[in-house]
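Next up, structure.txt (compact mmCIF, C-alpha atoms):
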# COMPACT_ATOMS: atom_id res chain seq x y z
CA MET W 11 0.00 0.00 0.00
CA ALA W 12 2.65 2.48 1.05
CA GLU W 13 4.82 1.57 -1.93
CA GLU W 14 2.00 2.11 -4.38
CA THR W 15 1.19 5.49 -2.91
CA GLU W 16 4.76 6.66 -3.27
CA GLU W 17 4.76 6.02 -6.98
CA ILE W 18 1.76 8.16 -7.83
CA VAL W 19 3.06 11.55 -8.85
CA LYS W 20 0.75 13.86 -10.76
CA LYS W 21 1.30 17.23 -12.30
CA PHE W 22 -0.80 19.79 -10.43
CA MET W 23 -1.11 23.42 -11.40
CA HIS W 24 -2.53 25.74 -8.78
CA VAL W 25 -3.99 28.93 -10.23
CA MET W 26 -4.05 31.79 -7.74
CA ARG W 27 -6.40 34.52 -8.97
CA ARG W 28 -7.60 36.30 -5.85
CA ALA W 29 -6.14 39.04 -3.66
CA PRO W 30 -4.76 37.70 -0.36
CA HIS W 31 -6.96 39.20 2.34
CA GLY W 32 -10.43 39.65 0.81
CA SER W 33 -11.19 35.94 0.99
CA ILE W 34 -9.75 32.73 2.40
CA TYR W 35 -9.09 31.20 -1.01
CA THR W 36 -5.45 32.16 -1.41
CA TYR W 37 -4.48 31.12 2.11
CA GLU W 38 -6.33 27.81 1.80
CA GLY W 39 -4.72 27.33 -1.59
CA LEU W 40 -1.28 27.80 -0.12
CA GLU W 41 -2.06 25.24 2.59
CA MET W 42 -3.20 22.77 -0.07
CA ILE W 43 0.01 23.34 -1.99
CA LEU W 44 2.12 22.61 1.10
CA ILE W 45 0.17 19.43 1.82
CA MET W 46 0.53 18.22 -1.76
CA ALA W 47 4.20 19.11 -1.68
CA ALA W 48 4.62 16.96 1.43
CA PHE W 49 3.34 14.08 -0.73
CA GLU W 50 6.00 14.95 -3.31
CA GLN W 51 3.65 15.84 -6.12
CA ASP W 52 4.84 17.75 -9.19
CA ILE W 53 3.54 21.23 -8.44
CA THR W 54 3.37 24.41 -10.45
CA VAL W 55 1.86 27.59 -9.03
CA VAL W 56 0.75 30.42 -11.28
CA PHE W 57 -0.31 33.88 -10.17
CA VAL W 58 -2.92 35.54 -12.35
CA ASP W 59 -5.17 38.61 -11.94
CA ASP W 60 -5.33 39.75 -8.28
CA GLY W 61 -3.44 36.59 -7.31
CA VAL W 62 -0.20 38.49 -7.97
CA TYR W 63 -0.99 40.74 -5.00
CA SER W 64 -0.50 37.87 -2.57
CA LEU W 65 3.23 37.84 -3.42
CA VAL W 66 3.85 41.49 -2.59
CA LYS W 67 6.57 42.21 0.00
CA LYS W 68 6.01 44.01 3.31
CA GLN W 69 2.36 43.16 3.87
CA GLU W 70 1.71 44.29 7.44
CA THR W 71 -1.58 42.74 8.47
CA ASP W 72 -1.60 43.51 12.22
CA GLY W 73 -3.96 46.43 11.69
CA ILE W 74 -6.65 44.28 10.08
CA GLY W 75 -6.45 41.64 12.77
CA ILE W 76 -5.22 38.71 10.72
CA LYS W 77 -1.99 36.79 10.51
CA GLY W 78 -0.29 37.47 7.20
CA PHE W 79 0.84 34.48 5.20
CA ALA W 80 3.06 36.04 2.53
CA ASN W 81 6.15 34.75 4.33
CA THR W 82 4.86 31.21 3.90
CA TYR W 83 5.70 31.46 0.21
CA ARG W 84 9.34 31.40 1.27
CA ALA W 85 8.79 27.90 2.64
CA LEU W 86 7.83 26.50 -0.76
CA ASP W 87 11.44 26.27 -1.82
CA GLY W 88 12.09 23.91 1.10
CA TYR W 89 9.37 21.62 -0.24
CA ASP W 90 10.89 21.67 -3.72
CA VAL W 91 8.05 23.77 -5.07
CA GLU W 92 10.11 25.90 -7.40
CA LYS W 93 7.89 26.43 -10.41
CA LEU W 94 6.31 29.76 -9.49
CA TYR W 95 5.10 31.72 -12.49
CA VAL W 96 3.57 35.18 -12.66
CA ASP W 97 1.38 36.27 -15.54
CA LYS W 98 3.13 39.25 -17.13
CA THR W 99 -0.05 41.08 -18.09
CA SER W 100 -1.56 40.74 -14.61
CA MET W 101 1.66 42.03 -13.04
CA GLU W 102 2.02 44.99 -15.37
CA GLU W 103 -1.65 45.98 -15.12
CA ARG W 104 -1.11 46.38 -11.37
CA GLY W 105 2.05 48.46 -11.70
CA LEU W 106 4.20 45.71 -10.19
CA THR W 107 7.61 44.32 -11.12
CA GLU W 108 9.50 41.18 -10.10
CA ASP W 109 11.31 43.22 -7.44
CA ASP W 110 8.02 43.71 -5.59
CA PHE W 111 7.63 39.99 -4.85
CA ILE W 112 8.63 38.17 -1.68
CA VAL W 113 10.02 35.13 -3.53
CA ASP W 114 11.81 34.50 -6.81
CA VAL W 115 9.32 33.95 -9.59
CA GLU W 116 9.51 33.60 -13.32
CA VAL W 117 7.41 36.04 -15.30
CA LYS W 118 5.71 34.41 -18.27
CA THR W 119 3.26 35.49 -20.93
CA SER W 120 -0.32 34.27 -20.77
CA GLU W 121 0.34 32.15 -23.85
CA GLU W 122 3.33 30.45 -22.21
CA ILE W 123 1.26 29.71 -19.10
CA GLY W 124 -1.62 28.56 -21.30
CA LYS W 125 0.67 25.97 -22.87
CA LEU W 126 1.89 24.80 -19.45
CA MET W 127 -1.76 24.32 -18.46
CA GLN W 128 -2.12 21.76 -21.24
CA GLU W 129 0.68 19.65 -19.76
CA GLN W 130 -0.97 19.18 -16.36
CA ASP W 131 -2.94 16.27 -14.95
CA VAL W 132 -5.03 18.56 -12.74
CA ILE W 133 -5.73 22.30 -12.62
CA VAL W 134 -6.71 23.58 -9.18
CA PRO W 135 -8.30 27.04 -9.18
CA HIS W 136 -8.11 29.17 -6.03
CA MET Q 6 -8.49 21.24 -22.23
CA LEU Q 7 -12.07 22.27 -21.43
CA HIS Q 8 -12.35 25.78 -20.03
CA THR Q 9 -15.47 26.49 -17.97
CA ILE Q 10 -16.61 30.00 -17.09
CA ASN Q 11 -19.34 30.32 -14.48
CA HIS Q 12 -19.34 33.99 -13.52
CA SER Q 13 -21.02 36.91 -15.25
CA PRO Q 14 -18.47 38.85 -17.32
CA PHE Q 15 -20.04 42.03 -15.92
CA ARG Q 16 -18.70 41.37 -12.43
CA SER Q 17 -15.78 39.01 -12.90
CA THR Q 18 -12.54 39.07 -14.85
CA SER Q 19 -12.80 35.34 -15.61
CA LEU Q 20 -13.82 35.77 -19.24
CA GLU Q 21 -11.39 38.55 -20.07
CA THR Q 22 -8.50 36.78 -18.37
CA SER Q 23 -9.23 33.29 -19.63
CA LEU Q 24 -9.23 34.57 -23.21
CA ARG Q 25 -5.52 35.33 -22.85
CA PHE Q 26 -4.73 31.74 -21.81
CA ILE Q 27 -7.09 29.65 -23.94
CA LEU Q 28 -5.34 28.01 -26.87
CA PRO Q 29 -6.97 27.58 -30.29
CA GLY Q 30 -9.02 24.40 -30.43
CA ASP Q 31 -9.76 24.24 -26.69
CA PRO Q 32 -13.50 23.90 -26.04
CA VAL Q 33 -15.02 26.63 -23.85
CA LEU Q 34 -18.21 26.08 -21.86
CA PHE Q 35 -20.27 28.92 -20.36
CA MET Q 36 -22.44 27.91 -17.43
CA GLU Q 37 -24.33 29.40 -14.45
CA ASP Q 38 -24.02 33.22 -14.62
CA GLY Q 39 -21.25 32.78 -17.16
CA VAL Q 40 -23.93 32.35 -19.85
CA TYR Q 41 -24.61 36.10 -19.78
CA ALA Q 42 -21.43 36.43 -21.87
CA VAL Q 43 -23.01 34.75 -24.90
CA THR Q 44 -26.25 36.75 -25.16
CA ALA Q 45 -26.78 37.87 -28.77
CA GLY Q 46 -27.12 41.57 -28.07
CA GLY Q 47 -24.62 41.88 -25.26
CA LYS Q 48 -21.35 43.68 -24.76
CA TYR Q 49 -19.27 40.52 -25.25
CA LYS Q 50 -20.79 39.51 -28.59
CA ALA Q 51 -17.69 40.44 -30.60
CA ALA Q 52 -15.36 38.64 -28.18
CA ILE Q 53 -17.45 35.48 -28.30
CA GLU Q 54 -17.71 35.61 -32.09
CA LYS Q 55 -13.95 35.89 -32.31
CA LEU Q 56 -13.48 33.00 -29.89
CA ALA Q 57 -15.94 30.85 -31.85
CA GLN Q 58 -13.79 31.24 -34.97
CA THR Q 59 -10.96 29.25 -33.38
CA ASN Q 60 -12.62 27.26 -30.60
CA PRO Q 61 -15.77 25.23 -30.01
CA VAL Q 62 -17.99 27.35 -27.76
CA TYR Q 63 -20.80 25.88 -25.68
CA ALA Q 64 -23.43 27.24 -23.30
CA LEU Q 65 -25.35 25.13 -20.83
CA GLY Q 66 -28.98 25.08 -21.99
CA PRO Q 67 -30.69 24.84 -18.60
CA ASP Q 68 -28.73 27.90 -17.43
CA LEU Q 69 -29.75 29.86 -20.54
CA LYS Q 70 -33.42 28.92 -20.07
CA ALA Q 71 -33.39 29.72 -16.36
CA ARG Q 72 -32.18 33.22 -17.19
CA GLY Q 73 -34.61 33.85 -20.07
CA ILE Q 74 -31.83 33.96 -22.65
CA ALA Q 75 -33.40 33.00 -25.98
CA ALA Q 76 -30.83 34.36 -28.43
CA VAL Q 77 -27.15 33.55 -28.21
CA VAL Q 78 -24.19 34.61 -30.34
CA ALA Q 79 -23.89 32.70 -33.64
CA ASN Q 80 -21.91 29.45 -33.50
CA VAL Q 81 -22.42 29.05 -29.74
CA LYS Q 82 -23.71 25.51 -29.29
CA GLU Q 83 -26.21 24.70 -26.59
CA VAL Q 84 -25.47 21.59 -24.52
CA ASP Q 85 -27.53 19.81 -21.89
CA TYR Q 86 -26.14 18.21 -18.73
CA ASP Q 87 -25.28 15.00 -20.58
CA GLY Q 88 -23.31 17.03 -23.11
CA PHE Q 89 -21.53 18.79 -20.27
CA VAL Q 90 -20.57 15.47 -18.72
CA GLU Q 91 -19.28 14.19 -22.07
CA LEU Q 92 -17.07 17.24 -22.44
CA THR Q 93 -15.61 16.71 -18.97
CA GLU Q 94 -14.95 13.08 -19.80
CA GLU Q 95 -13.05 13.99 -22.94
CA HIS Q 96 -10.97 16.87 -21.60
CA LEU Q 97 -8.95 18.03 -18.64
CA VAL Q 98 -11.10 20.70 -16.97
CA ASN Q 99 -9.84 24.19 -16.22
CA SER Q 100 -12.44 26.09 -14.16
CA TRP Q 101 -12.08 29.85 -14.29
CA LEU Q 102 -13.83 30.45 -10.95
Show how you would write the structure in this file as C-alpha cells.
Amino acid sequence: MAEETEEIVKKFMHVMRRAPHGSIYTYEGLEMILIMAAFEQDITVVFVDDGVYSLVKKQETDGIGIKGFANTYRALDGYDVEKLYVDKTSMEERGLTEDDFIVDVEVKTSEEIGKLMQEQDVIVPH
Amino acid sequence: MLHTINHSPFRSTSLETSLRFILPGDPVLFMEDGVYAVTAGGKYKAAIEKLAQTNPVYALGPDLKARGIAAVVANVKEVDYDGFVELTEEHLVNSWL
C-alpha cells in the first residue's frame, strides 16, 4: 500500500487569482500546496489577476487583525516547489515588477502559461 | 483542455483573463451566470464571435433557459447536462472560478 502510494506523482497546477486578504481562497490554496508538496507531487503555481498581490513584499496585516501568510511562500522552496510563475499582463496591469515579490518567480506570458496548463494532470483554481 | 466560465463577465474578470490563456481548439463552456457572456445583443458579442472562430464554444442550456436567454451569439452551441458530462470526460477541466 505504502509503496503504491509513493509512486503516484501527478502534475498539479494551482492557479491563484484572488487578492490575499479579501477571501480565504489564497491562504487555503497555499495550505493545499504545502500538503501536496509533502506528498511529493509535481507542483506548479501560477499567479494571475489579483493573485499576484498575494506575493507582494512588506504586507503588514496587524492592523486588520489577521496573521499574514506572505512569508509562507518562502517555505515553498524547502518543499521543492520551485515552479512559481507570474502572468506578465496581470503584473504589469497592477504596476508591479519582479522586485516587488517576496520570492523569486519567473514572469511568463499568458500564452506560455496557457501551454503549461495543457501539460498538467489537474488544474486547481483558487 | 475544457475551459469552464461560471461567472457573469459584468462582475468578474474570468472571461477577459481566460481569453488570454485559452489556446486555439480548446472547447469553452459557459455555465451558471457565465452564460450572460453569450447573449446575442450583449457587450461581449464580438469577443465570443472571435473565440468561436478558433474554438468550439458551448453554453449550458438549462442555465440559458433559467435566465430567459433565448438568443445567443452565432456558433455558440447549446449543450444539456449530458453534453456537459461528455465534455468533462473527454478533456482536462480548467475552471475559471
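Note that the spacing between atom CA of Q:Glu83 and atom CA of Q:Asn60 amounts to 14.4 Å.
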Residues of chain W near chain Q: apply a cut-off of 9 Å, count all atoms listed in the file, and supply the list as a PDB file with C-alpha atoms, keeping the file's coordinate frame.
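File written: iface_12.pdb
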ATOM      1  CA  ARG W  27      -6.400  34.520  -8.970  1.00  0.00           C
ATOM      2  CA  VAL W  58      -2.920  35.540 -12.350  1.00  0.00           C
ATOM      3  CA  ASP W  59      -5.170  38.610 -11.940  1.00  0.00           C
ATOM      4  CA  SER W 100      -1.560  40.740 -14.610  1.00  0.00           C
ATOM      5  CA  THR W 119       3.260  35.490 -20.930  1.00  0.00           C
ATOM      6  CA  SER W 120      -0.320  34.270 -20.770  1.00  0.00           C
ATOM      7  CA  GLU W 121       0.340  32.150 -23.850  1.00  0.00           C
ATOM      8  CA  GLU W 122       3.330  30.450 -22.210  1.00  0.00           C
ATOM      9  CA  ILE W 123       1.260  29.710 -19.100  1.00  0.00           C
ATOM     10  CA  GLY W 124      -1.620  28.560 -21.300  1.00  0.00           C
ATOM     11  CA  LYS W 125       0.670  25.970 -22.870  1.00  0.00           C
ATOM     12  CA  MET W 127      -1.760  24.320 -18.460  1.00  0.00           C
ATOM     13  CA  GLN W 128      -2.120  21.760 -21.240  1.00  0.00           C
ATOM     14  CA  GLN W 130      -0.970  19.180 -16.360  1.00  0.00           C
ATOM     15  CA  ASP W 131      -2.940  16.270 -14.950  1.00  0.00           C
ATOM     16  CA  VAL W 132      -5.030  18.560 -12.740  1.00  0.00           C
ATOM     17  CA  ILE W 133      -5.730  22.300 -12.620  1.00  0.00           C
ATOM     18  CA  VAL W 134      -6.710  23.580  -9.180  1.00  0.00           C
ATOM     19  CA  PRO W 135      -8.300  27.040  -9.180  1.00  0.00           C
ATOM     20  CA  HIS W 136      -8.110  29.170  -6.030  1.00  0.00           C
TER      21      HIS W 136
END
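Contact shell of Q:Leu69 at 12 Å (all atoms listed in the file; same-chain neighbours under 3 positions omitted): Phe35, Met36, Glu37, Asp38, Gly39, Val40, Tyr41, Ala42, Val43, Thr44, Ala45, Tyr63, Ala64, Leu65, Gly66, Arg72, Gly73, Ile74, Ala75, Ala76, Val77, Val81, Lys82, Glu83, Val84 and Asp85 of chain Q.
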How would the residues just picked look written out with C-alpha atoms as a compact mmCIF listing (two decimals), in the coordinates of the input?
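Generated output (out.txt):
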# COMPACT_ATOMS: atom_id res chain seq x y z
CA PHE Q 35 -20.27 28.92 -20.36
CA MET Q 36 -22.44 27.91 -17.43
CA GLU Q 37 -24.33 29.40 -14.45
CA ASP Q 38 -24.02 33.22 -14.62
CA GLY Q 39 -21.25 32.78 -17.16
CA VAL Q 40 -23.93 32.35 -19.85
CA TYR Q 41 -24.61 36.10 -19.78
CA ALA Q 42 -21.43 36.43 -21.87
CA VAL Q 43 -23.01 34.75 -24.90
CA THR Q 44 -26.25 36.75 -25.16
CA ALA Q 45 -26.78 37.87 -28.77
CA TYR Q 63 -20.80 25.88 -25.68
CA ALA Q 64 -23.43 27.24 -23.30
CA LEU Q 65 -25.35 25.13 -20.83
CA GLY Q 66 -28.98 25.08 -21.99
CA ARG Q 72 -32.18 33.22 -17.19
CA GLY Q 73 -34.61 33.85 -20.07
CA ILE Q 74 -31.83 33.96 -22.65
CA ALA Q 75 -33.40 33.00 -25.98
CA ALA Q 76 -30.83 34.36 -28.43
CA VAL Q 77 -27.15 33.55 -28.21
CA VAL Q 81 -22.42 29.05 -29.74
CA LYS Q 82 -23.71 25.51 -29.29
CA GLU Q 83 -26.21 24.70 -26.59
CA VAL Q 84 -25.47 21.59 -24.52
CA ASP Q 85 -27.53 19.81 -21.89
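One finds atom CA of W:Met23 at 15.5 Å from atom CA of W:Ala48.
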Can you tell me how far atom CA of W:Leu65 sits from atom CA of W:Glu116, in Å to one decimal? 12.5 Å
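Nearest-residue note for Q:Pro67: choosing from Q:Phe89, Q:Asn80, Q:Val33, Q:Tyr49, the minimum distance belongs to Q:Phe89, counting all atoms listed in the file.
Across W:Ala29, W:Thr54, W:Asp60, W:Val66, the tightest approach to W:Asp109 is made by W:Val66 when counting all atoms listed in the file.
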